[in-house]
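See below for the structure under consideration.
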Amino acid sequence: MDIQEILRHLPHRYPFLMIDRIIKIDGNESAVGIKNVTFNEPMFQGHFPGEPVFPGVLIIEGMAQTAGAIAIAAGTGQGQDHIVYLLTVDKCKFRKPARPGDRIEYHIRKIRHRMTMGWFEAKAIVDGVVIAEAEVGAMVSVNEQ
């Protein structure tokens with residue numbers, strides 16, 4: 001999934017789109033999304049000047065967006081506009097910071113699915129090292145606008 005296809009599936013836009021590409025996808029079972037962290041992103045003006053660190057909450061958001069993109073691409077409510085709501089974040093651990101110049105890989109694997117809700121195991125990996133992990137729950141909803 002390139003950026004154009006991601007934009008067709010997700011309602012998020014700059015500066016809050018946290019994935020640049022999905023390089024591997026297995027239906028709605030698993031995926032690997034990519035976020036290229038660049039120094040010119042707005043959060044680095046204040047997080048933290050002189051010691052820029054990509055915010056952990058945005059790493060979680062990237063995990064959720066990758067999970068949402070694969071759920072929508074798998075055909076939940078085909079032909080309609082969708083929005084993905086993050087429902088839960090469990091077992092979250094941050095192991096190392098992400099910094100400008102890093103390429104974060106979001107490795108997402110579906111744990112279970114029920115109707116329009118899905119729960120996913122998510123890992124954020126930089127250069128082969130797990131920097132964060134969590135279980136995220138999300139719900140796909142038809143956008144009524």
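Residue numbering restarts at 1 in every chain; chains get A, B, ... in the order shown in the structure tokens, and ligands count up from 1 in that same order.
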Neighbours of region 106-112 of chain A within 9 Å (only C-alpha atoms; same-chain residues fewer than 5 positions away dropped), as a ChimeraX atom specification?
/A:19,22,28-35,59,62-64,66-67,117-125,135
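Running DSSP on the backbone and keeping only helix (DSSP H, G or I), the residues of chain A that qualify are A:Ile3, A:Gln4, A:Glu5, A:Ile6, A:Leu7, A:Arg8, A:His9, A:Pro42, A:Met43, A:Phe44, A:Gln45, A:Gly56, A:Val57, A:Leu58, A:Ile59, A:Ile60, A:Glu61, A:Gly62, A:Met63, A:Ala64, A:Gln65, A:Thr66, A:Ala67, A:Gly68, A:Ala69, A:Ile70, A:Ala71, A:Ile72, A:Ala73.
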Using DSSP on the backbone, list every residue of region 7-121 of chain A that comes out as strand (DSSP E or B), and give them as an MDAnalysis selection string.
chainID A and resid 21:26 30:36 54 82:94 98 103:114 117:121
I'd like the neighbourhood of Leu86 (chain A) as number ranges by chain, where a residue qualifies if any of its atoms comes within 8 Å (using only C-alpha atoms), though same-chain residues fewer than 5 positions away should be ignored.
A: 64, 136-139
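Distance annotation: of A:Val37, A:Gln45, A:Met115, A:Phe94, the residue with the minimal separation from Val57 (chain A) is A:Phe94; atom set is only C-alpha atoms.
Computed from the coordinates, the CA of Cys92 (chain A) to CA of Met1 (chain A) distance equals 26.4 Å.
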All residues 7 Å or closer to region 8-13 of chain A, only C-alpha atoms, same chain fewer than 5 positions away omitted, as an MDAnalysis selection string
chainID A and resid 69 72:73 83
Keeping C-alpha atoms, export the residues of the selection given above as a PDB file, in the first residue's frame.
```pdb
ATOM      1  CA  ALA A  69      -5.680   0.386   7.268  1.00  0.00           C
ATOM      2  CA  ILE A  72     -10.480  -1.384   6.002  1.00  0.00           C
ATOM      3  CA  ALA A  73      -8.497  -2.809   3.074  1.00  0.00           C
ATOM      4  CA  ILE A  83     -13.296   5.970  10.241  1.00  0.00           C
TER       5      ILE A  83
END
```
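CA of Ala71 (chain A) sits 15.3 Å away from CA of Ile23 (chain A).
One finds CA of Pro100 (chain A) at 11.6 Å from CA of Val126 (chain A).
When only C-alpha atoms are used to measure the gap to Arg95 (chain A), the shortest distance among A:Ile25, A:Val130, A:Val142, A:Leu17 belongs to A:Val130.
If you measure from each of A:Ile104, A:Met43, A:Met18, A:Val84 to Glu61 (chain A) using only C-alpha atoms, the closest one turns out to be A:Met18.
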